[in-house]
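*Asks:* Below is one structure. I have some questions about it.
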Amino acid sequence: MKCIICSSLFQDYLDNTLSQDIMDELDHHFRICEKCCTCFKTYSLTIRLSRSIEQPCCPRPETIEKMRTLLIQRFLGR
């Protein structure tokens, strides 16, 4: 398997949506290609970490008030 093909299948591999033959071929490629193995580990860690971050729906009122006060102070030069 070529590295370009391997890298294009990273997400499908993580999602486990590939046929078993392709999964086996990718596993084999990861064993013999250090570059792809490292890239895949980095890719999968990035995906896992990004999914673990919870984004707040909106800032808390205290935060908005603090930001407003800070902006007014900076605007007025105090």
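Chain lettering (A, B, ...) mirrors the order of the structure tokens, residue numbering begins at 1 for each chain separately, and ligand numbering begins at 1 in order of display.
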Excluding segment 3-13 of chain A and residues on its chain fewer than 3 positions from it, collect all residues at most 10 Å away from it, counting only C-alpha atoms, and give them as a list in words.
*Replies:*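 Contacts, in chain order: Asn16, Thr17, Leu18, Ser19, Ile22, Met23, Glu25, Leu26, Asp27, His29, Phe30, Cys33, Lys35, Cys36, Cys37, Cys39, Phe40, Lys41, Tyr43, Ser44 and Ile47 of chain A.
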*Asks:* Between atom CA of Ile32 of chain A and atom CA of Gln20 of chain A, what is the distance in Å, rounded to a tenth?
*Replies:*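 Atom CA of Gln20 of chain A lies at a distance of 18.6 Å from atom CA of Ile32 of chain A.
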